[in-house]
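Enquirer: Below is one structure. I have some questions about it.
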Amino acid sequence: MTSIERQRHLVVGAAGAQGGAVARRLLARGHHVRGLIRSAEGRDRLPEGAEPFVADLGDPEQAKAAFAGTTHASVLLPMIYEPERVASYVRNVADAALAAGLRRLVFNTGNRLPEAVTGVAAFETRRAAATALLGSGVPTVVLRPPIYLDNLCAPWVAGPLVHDGVLRYPLPARSPVAWLSHDDLAAATVAALTRDGLAGTVLDIGGPDEVTGPELAAAFTAELGHRVGYAAQDPAEFEAGLAHAFGGPVAAGVASTYRWVADVAEPLYGVDRRAVEETLGIRLTPLRAWIAARPWRLLAGTARTGPHAAAGGTARGAVAGSVHAAGGTARGAVAGSVHRTGAGGSPEAADRAADRAACRAEIVRLHEVLERWLSGRAPRTDEEFAAFARAHLPGFTLSGPDGSSLTRDQVLAWVEAAHGRTPGIGIRIREVELVAADGPLLMAAYQEWQRGTGADRNRRATAVFLRDPAAPHGLRWRHLHETWMPETPTG
Ligand SMILES: NC(=O)c1ccc[n+]([C@@H]2O[C@H](COP(=O)([O-])OP(=O)(O)OC[C@H]3O[C@@H](n4cnc5c(N)ncnc54)[C@H](OP(=O)(O)O)[C@@H]3O)[C@@H](O)[C@H]2O)c1
């Protein structure tokens with residue numbers, strides 16, 4: 001076996017939930033870990049001790065630079081399912097790995113692959129990627145995980161599970177699944193990276209317990225001490241909810257795999273436990289032990305479901321303290337409909353007050369950051385700018401007051417370039433109202449009054465937030481719509 005001293009591991013997605021777990025385990029074993037991030041702002045999300053390396057897999061030269069000097073790599077593909085784009089990422093990875101003389105590459109397909117070819121891009125792009133990497137000349141191991149247990153930690157799954165005794169997931173009740181934890185994925189990946197004689201292996205990995213929906217719910221019943229039932233969510237409803245958070249193409253790609261499982265009776269998510277443990281020399285974590293070790297009340301937060309939730313599958317999410325729930329893989333069932341909030345002295349009213357306070361605090365905080373940046377009081381450094389950039393989700397969009405429509409990249413580029421251009425600017429936020437809150441989504445309206453800009457720049461705004469326990473005030477910005485408000489400030 002290669003000595004630890006000479007191993008230098010590149011981890012793709014090290015700032016995300018799956019790659020993060022792999023990177024942490026490699027670091028704990030004393031390996032050098034280079035964490036691939038797409039921009040400097042990803043630095044804060046890397047596990048401590050990982051070397052940040054900014055590169056995009058879509059750029060062949062950047063990919064080569066990222067792999068240069070590494071000996072091993074853990075690779076997964078982001079939630080992108082366009083065949084040509086995925087194929088170009090894979091080509092860049094293979095070329096870069098060959099150029100670096102990589103000794104071992106472990107490719108995590110992110111999902112199981114049905115035996116026969118399907119018309120589902122989310123499966124077929126990964127099948128093609130695995131074939132290309134195995135045939136590339138790079139010593140490759142392919143790991144094919146089932147569904148991740150960590151998906152259940154998302155507040156919109158954990159909330160109804162804890163408060164209503166309903167485990168909602170877009171898988172048919174009858175489907176047996178060897179749910180896998182990120183920790184076990186990481187153990188499997190590290191073994192696949194470092195064990196001798198595995199190059200060329202393709203392995204279906206999974207947790208040790210293969211359970212149907214009701215059996216999974218029964219395991220929760222036993223651990224939580226109250227009855228939990230299983231409810232199969234309609235993949236169409238799941239997709240509609242996911243689209244709010246990640247946009248249509250990603251939602252369609254993810255939901256297509258759940259739809260395939262719902263439509264086709266072929267069991268996809270089982271596991272040969274002995275084959276996994278013997279091939280990789282690891283011990284998998286029993287399902288009940290994994291459930292018992294999680295803080296379910298904390299993950300569920302103050303989430304409560306009303307009658308609409310039982311009917312329509314909406315579940316109030318909560319600001320929970322879980323990195324997993326915040327991470328890239330907790331893509332559970334997001335509510336498809338938004339309900340207006342009302343008044344009252346109920347626990348729901350307390351939730352609304354807390355949500356309003358969080359929205360207000362985040363809106364004020366971000367505008368303070370913006371004011372410091374535009375005025376030039378903040379230095380023009382990556383770190384300062386990251387405080388603004390990080391607040392915006394990858395799919396963030398802005399409808400500007402002049403009718404413009406901007407992507408996150410366009411907004412960030414504009415703001416970055418505007419550093420120090422308005423020295424006298426002062427921004428005040430007024431009349432923040434919570435318009436709606438449902439599941440992981442919140443919508444707030446507010447007024448933004450600007451002075452010192454030499455023009456009437458006041459506006460009414462409506463912002464859509466996604467809950468993220470790791471973000472300031474538990475919120476990240478998904479969309480912002482602004483309208484000019486020409487009135488003169490009164491105070
Ligand atoms: N089986 C399951 O239960 C399950 C659950 C969730 C996901 N998945 C699958 O797992 C895979 C990853 O999902 P995810 O949710 O972790 O995806 P993701 O959030 O889209 O991306 C994962 C990581 O890849 C990085 N990345 C994205 N585009 C990149 C690029 N062009 N170059 C370099 N790095 C890039 C991201 O970096 P940044 O940090 O810079 O954004 C992020 O850290 C997908 O195939 C998905 O379908 C499976």
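Letters A, B, ... go to the chains of the structure tokens in the order shown; residues in each chain start at 1; ligands are counted from 1 in the same order.
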Given a cut-off of 6 Å, what residues near ligand 1 show up using only C-alpha atoms and all ligand atoms, put as a PyMOL selection string?

Expert: chain A and resi 12-16+18+37-38+42+56-58+76-79+110-111+146-148+328-329

Enquirer: For region 417-425 of chain A, list every protein, DNA or RNA residue within 8 Å, evaluated using only C-alpha atoms, and leave out those in the same chain fewer than 4 positions away; present the list as a VMD selection string.

Expert: chain A and resid 371 373 to 377 380 413 450 to 453

Enquirer: Please save N, CA and C atoms of the selected residues as an mmCIF file, in the first residue's frame.

Expert:
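So the final result, stored in out.cif, reads:
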data_model
loop_
_atom_site.group_PDB
_atom_site.id
_atom_site.type_symbol
_atom_site.label_atom_id
_atom_site.label_comp_id
_atom_site.auth_asym_id
_atom_site.auth_seq_id
_atom_site.Cartn_x
_atom_site.Cartn_y
_atom_site.Cartn_z
ATOM 1 N N GLU A 371 -23.839 48.309 2.026
ATOM 2 C CA GLU A 371 -23.516 49.729 2.239
ATOM 3 C C GLU A 371 -22.007 49.911 2.455
ATOM 4 N N TRP A 373 -19.665 48.015 1.438
ATOM 5 C CA TRP A 373 -18.961 47.693 0.192
ATOM 6 C C TRP A 373 -19.073 48.843 -0.813
ATOM 7 N N LEU A 374 -20.292 49.304 -1.036
ATOM 8 C CA LEU A 374 -20.502 50.347 -2.057
ATOM 9 C C LEU A 374 -19.837 51.656 -1.650
ATOM 10 N N SER A 375 -19.812 51.911 -0.333
ATOM 11 C CA SER A 375 -19.213 53.167 0.129
ATOM 12 C C SER A 375 -17.688 53.090 0.146
ATOM 13 N N GLY A 376 -17.156 51.869 0.087
ATOM 14 C CA GLY A 376 -15.706 51.706 0.139
ATOM 15 C C GLY A 376 -15.183 51.620 1.561
ATOM 16 N N ARG A 377 -16.120 51.621 2.564
ATOM 17 C CA ARG A 377 -15.643 51.498 3.945
ATOM 18 C C ARG A 377 -15.107 50.092 4.212
ATOM 19 N N ARG A 380 -11.533 46.051 -0.341
ATOM 20 C CA ARG A 380 -11.924 45.221 -1.493
ATOM 21 C C ARG A 380 -11.165 43.892 -1.457
ATOM 22 N N ALA A 413 -21.156 40.135 -10.086
ATOM 23 C CA ALA A 413 -20.175 40.873 -10.889
ATOM 24 C C ALA A 413 -20.448 42.375 -10.785
ATOM 25 N N GLN A 450 -32.607 54.781 0.271
ATOM 26 C CA GLN A 450 -31.190 55.098 0.086
ATOM 27 C C GLN A 450 -30.990 56.606 0.132
ATOM 28 N N ARG A 451 -29.911 57.043 0.731
ATOM 29 C CA ARG A 451 -29.534 58.455 0.646
ATOM 30 C C ARG A 451 -28.068 58.533 0.222
ATOM 31 N N GLY A 452 -27.702 59.735 -0.236
ATOM 32 C CA GLY A 452 -26.301 59.943 -0.606
ATOM 33 C C GLY A 452 -25.945 59.366 -1.954
ATOM 34 N N THR A 453 -26.949 59.008 -2.760
ATOM 35 C CA THR A 453 -26.627 58.424 -4.062
ATOM 36 C C THR A 453 -26.844 59.425 -5.198
#

Enquirer: Which neighbours of region 255-257 of chain A fall inside 9 Å, counting only C-alpha atoms, when residues of the same chain fewer than 5 positions from it are skipped, and could you give them as a PDB file with all heavy atoms, in the first residue's frame?

Expert:
ATOM      1  N   ASN A 111     -25.770   7.803  -7.363  1.00  0.00           N
ATOM      2  CA  ASN A 111     -27.037   7.077  -7.419  1.00  0.00           C
ATOM      3  C   ASN A 111     -26.750   5.679  -7.951  1.00  0.00           C
ATOM      4  O   ASN A 111     -25.693   5.442  -8.533  1.00  0.00           O
ATOM      5  CB  ASN A 111     -28.015   7.794  -8.358  1.00  0.00           C
ATOM      6  CG  ASN A 111     -29.464   7.524  -7.998  1.00  0.00           C
ATOM      7  OD1 ASN A 111     -29.805   6.470  -7.461  1.00  0.00           O
ATOM      8  ND2 ASN A 111     -30.325   8.483  -8.291  1.00  0.00           N
ATOM      9  N   VAL A 120     -33.421   8.013 -18.874  1.00  0.00           N
ATOM     10  CA  VAL A 120     -33.319   9.005 -17.789  1.00  0.00           C
ATOM     11  C   VAL A 120     -31.894   9.564 -17.741  1.00  0.00           C
ATOM     12  O   VAL A 120     -30.945   8.852 -17.406  1.00  0.00           O
ATOM     13  CB  VAL A 120     -33.691   8.345 -16.432  1.00  0.00           C
ATOM     14  CG1 VAL A 120     -33.550   9.328 -15.286  1.00  0.00           C
ATOM     15  CG2 VAL A 120     -35.104   7.777 -16.492  1.00  0.00           C
ATOM     16  N   ALA A 121     -31.758  10.851 -18.058  1.00  0.00           N
ATOM     17  CA  ALA A 121     -30.423  11.459 -18.154  1.00  0.00           C
ATOM     18  C   ALA A 121     -29.664  11.372 -16.832  1.00  0.00           C
ATOM     19  O   ALA A 121     -28.443  11.193 -16.824  1.00  0.00           O
ATOM     20  CB  ALA A 121     -30.545  12.909 -18.592  1.00  0.00           C
ATOM     21  N   ALA A 122     -30.376  11.490 -15.713  1.00  0.00           N
ATOM     22  CA  ALA A 122     -29.687  11.459 -14.413  1.00  0.00           C
ATOM     23  C   ALA A 122     -28.997  10.112 -14.192  1.00  0.00           C
ATOM     24  O   ALA A 122     -27.966  10.044 -13.525  1.00  0.00           O
ATOM     25  CB  ALA A 122     -30.679  11.749 -13.287  1.00  0.00           C
ATOM     26  N   PHE A 123     -29.560   9.043 -14.751  1.00  0.00           N
ATOM     27  CA  PHE A 123     -28.886   7.738 -14.678  1.00  0.00           C
ATOM     28  C   PHE A 123     -27.834   7.620 -15.786  1.00  0.00           C
ATOM     29  O   PHE A 123     -26.696   7.224 -15.548  1.00  0.00           O
ATOM     30  CB  PHE A 123     -29.882   6.586 -14.865  1.00  0.00           C
ATOM     31  CG  PHE A 123     -30.849   6.389 -13.727  1.00  0.00           C
ATOM     32  CD1 PHE A 123     -32.205   6.174 -13.981  1.00  0.00           C
ATOM     33  CD2 PHE A 123     -30.422   6.391 -12.405  1.00  0.00           C
ATOM     34  CE1 PHE A 123     -33.104   5.977 -12.952  1.00  0.00           C
ATOM     35  CE2 PHE A 123     -31.321   6.190 -11.359  1.00  0.00           C
ATOM     36  CZ  PHE A 123     -32.671   5.980 -11.639  1.00  0.00           C
ATOM     37  N   PRO A 170     -40.270  10.685  -1.492  1.00  0.00           N
ATOM     38  CA  PRO A 170     -40.818  10.342  -2.809  1.00  0.00           C
ATOM     39  C   PRO A 170     -40.397   8.962  -3.330  1.00  0.00           C
ATOM     40  O   PRO A 170     -39.946   8.822  -4.459  1.00  0.00           O
ATOM     41  CB  PRO A 170     -40.286  11.466  -3.708  1.00  0.00           C
ATOM     42  CG  PRO A 170     -39.022  11.892  -3.062  1.00  0.00           C
ATOM     43  CD  PRO A 170     -39.220  11.704  -1.578  1.00  0.00           C
ATOM     44  N   PRO A 235     -43.780  12.004  -6.834  1.00  0.00           N
ATOM     45  CA  PRO A 235     -42.578  12.646  -7.387  1.00  0.00           C
ATOM     46  C   PRO A 235     -42.862  13.985  -8.071  1.00  0.00           C
ATOM     47  O   PRO A 235     -41.994  14.860  -8.091  1.00  0.00           O
ATOM     48  CB  PRO A 235     -42.052  11.608  -8.391  1.00  0.00           C
ATOM     49  CG  PRO A 235     -42.554  10.301  -7.888  1.00  0.00           C
ATOM     50  CD  PRO A 235     -43.889  10.591  -7.273  1.00  0.00           C
ATOM     51  N   ALA A 236     -44.075  14.160  -8.624  1.00  0.00           N
ATOM     52  CA  ALA A 236     -44.398  15.438  -9.290  1.00  0.00           C
ATOM     53  C   ALA A 236     -44.439  16.562  -8.252  1.00  0.00           C
ATOM     54  O   ALA A 236     -43.942  17.671  -8.489  1.00  0.00           O
ATOM     55  CB  ALA A 236     -45.733  15.328 -10.009  1.00  0.00           C
ATOM     56  N   PHE A 238     -42.889  16.494  -5.373  1.00  0.00           N
ATOM     57  CA  PHE A 238     -41.494  16.629  -4.938  1.00  0.00           C
ATOM     58  C   PHE A 238     -40.737  17.537  -5.907  1.00  0.00           C
ATOM     59  O   PHE A 238     -40.024  18.461  -5.502  1.00  0.00           O
ATOM     60  CB  PHE A 238     -40.875  15.230  -4.902  1.00  0.00           C
ATOM     61  CG  PHE A 238     -39.385  15.208  -4.709  1.00  0.00           C
ATOM     62  CD1 PHE A 238     -38.826  15.479  -3.468  1.00  0.00           C
ATOM     63  CD2 PHE A 238     -38.531  14.891  -5.759  1.00  0.00           C
ATOM     64  CE1 PHE A 238     -37.452  15.448  -3.289  1.00  0.00           C
ATOM     65  CE2 PHE A 238     -37.165  14.858  -5.590  1.00  0.00           C
ATOM     66  CZ  PHE A 238     -36.624  15.137  -4.348  1.00  0.00           C
ATOM     67  N   GLU A 239     -40.939  17.295  -7.194  1.00  0.00           N
ATOM     68  CA  GLU A 239     -40.237  18.089  -8.215  1.00  0.00           C
ATOM     69  C   GLU A 239     -40.650  19.559  -8.138  1.00  0.00           C
ATOM     70  O   GLU A 239     -39.795  20.450  -8.206  1.00  0.00           O
ATOM     71  CB  GLU A 239     -40.549  17.529  -9.607  1.00  0.00           C
ATOM     72  CG  GLU A 239     -39.859  18.320 -10.705  1.00  0.00           C
ATOM     73  CD  GLU A 239     -40.117  17.753 -12.094  1.00  0.00           C
ATOM     74  OE1 GLU A 239     -40.579  16.604 -12.212  1.00  0.00           O
ATOM     75  OE2 GLU A 239     -39.852  18.489 -13.063  1.00  0.00           O
ATOM     76  N   LEU A 242     -38.922  21.117  -5.243  1.00  0.00           N
ATOM     77  CA  LEU A 242     -37.480  21.226  -5.453  1.00  0.00           C
ATOM     78  C   LEU A 242     -37.154  22.370  -6.423  1.00  0.00           C
ATOM     79  O   LEU A 242     -36.121  23.031  -6.293  1.00  0.00           O
ATOM     80  CB  LEU A 242     -36.981  19.898  -6.032  1.00  0.00           C
ATOM     81  CG  LEU A 242     -35.541  19.498  -5.774  1.00  0.00           C
ATOM     82  CD1 LEU A 242     -35.286  19.393  -4.283  1.00  0.00           C
ATOM     83  CD2 LEU A 242     -35.229  18.181  -6.463  1.00  0.00           C
ATOM     84  N   VAL A 250     -32.631  21.242 -12.555  1.00  0.00           N
ATOM     85  CA  VAL A 250     -32.100  20.378 -11.493  1.00  0.00           C
ATOM     86  C   VAL A 250     -33.239  19.550 -10.893  1.00  0.00           C
ATOM     87  O   VAL A 250     -33.119  18.329 -10.705  1.00  0.00           O
ATOM     88  CB  VAL A 250     -31.406  21.207 -10.391  1.00  0.00           C
ATOM     89  CG1 VAL A 250     -31.151  20.360  -9.149  1.00  0.00           C
ATOM     90  CG2 VAL A 250     -30.097  21.779 -10.905  1.00  0.00           C
ATOM     91  N   ALA A 262     -40.673   4.866  -9.074  1.00  0.00           N
ATOM     92  CA  ALA A 262     -42.107   4.723  -8.807  1.00  0.00           C
ATOM     93  C   ALA A 262     -42.800   3.980  -9.948  1.00  0.00           C
ATOM     94  O   ALA A 262     -43.730   3.205  -9.715  1.00  0.00           O
ATOM     95  CB  ALA A 262     -42.742   6.106  -8.622  1.00  0.00           C
TER      96      ALA A 262
END

Enquirer: With a distance cut-off of 9 Å and only C-alpha atoms, select the neighbouring residues of Ser88 (chain A), excluding the residue or stretch itself and same-chain residues fewer than 3 positions from it, and output the selection as a list in words.

Expert: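 What passes the distance filter is Leu57, Gly58, Asp59, Pro60, Pro83, Glu84, Arg85, Arg91, Asn92 and Val93 of chain A.
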
Enquirer: Could you pull out the strand (DSSP E or B) residues of region 201-266 of chain A, going by DSSP on the backbone, and write them as a PyMOL selection string?

Expert: chain A and resi 202-204+211+229-232

Enquirer: Counting only C-alpha atoms, what is within 12 Å of Thr194 (chain A), bar same-chain residues fewer than 3 positions away, as a count of residues only?

Expert: 32

Enquirer: Contacts of Arg24 (chain A) at 9 Å or less, counting only C-alpha atoms, minus same-chain residues fewer than 2 places along, as a list in words?

Expert: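 Using only C-alpha atoms, the neighbours found are Ala14, Gly19, Gly20, Ala21, Val22, Leu26, Leu27, Ala28, Arg29, Val33, Pro47, Glu48, Gly49, Ala50 and Ala186 of chain A.
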
Enquirer: So how many Å separate CA of Val117 (chain A) and CA of Val276 (chain A), to one decimal?

Expert: 24.2 Å

Enquirer: Please return, as a PyMOL selection string, all residues of region 58-293 of chain A that DSSP assigns to helix (DSSP H, G or I) on the basis of the backbone.

Expert: chain A and resi 60-67+83-100+121-134+149-153+155-163+182-194+213-224+235-246+248-263+273-280+287-292
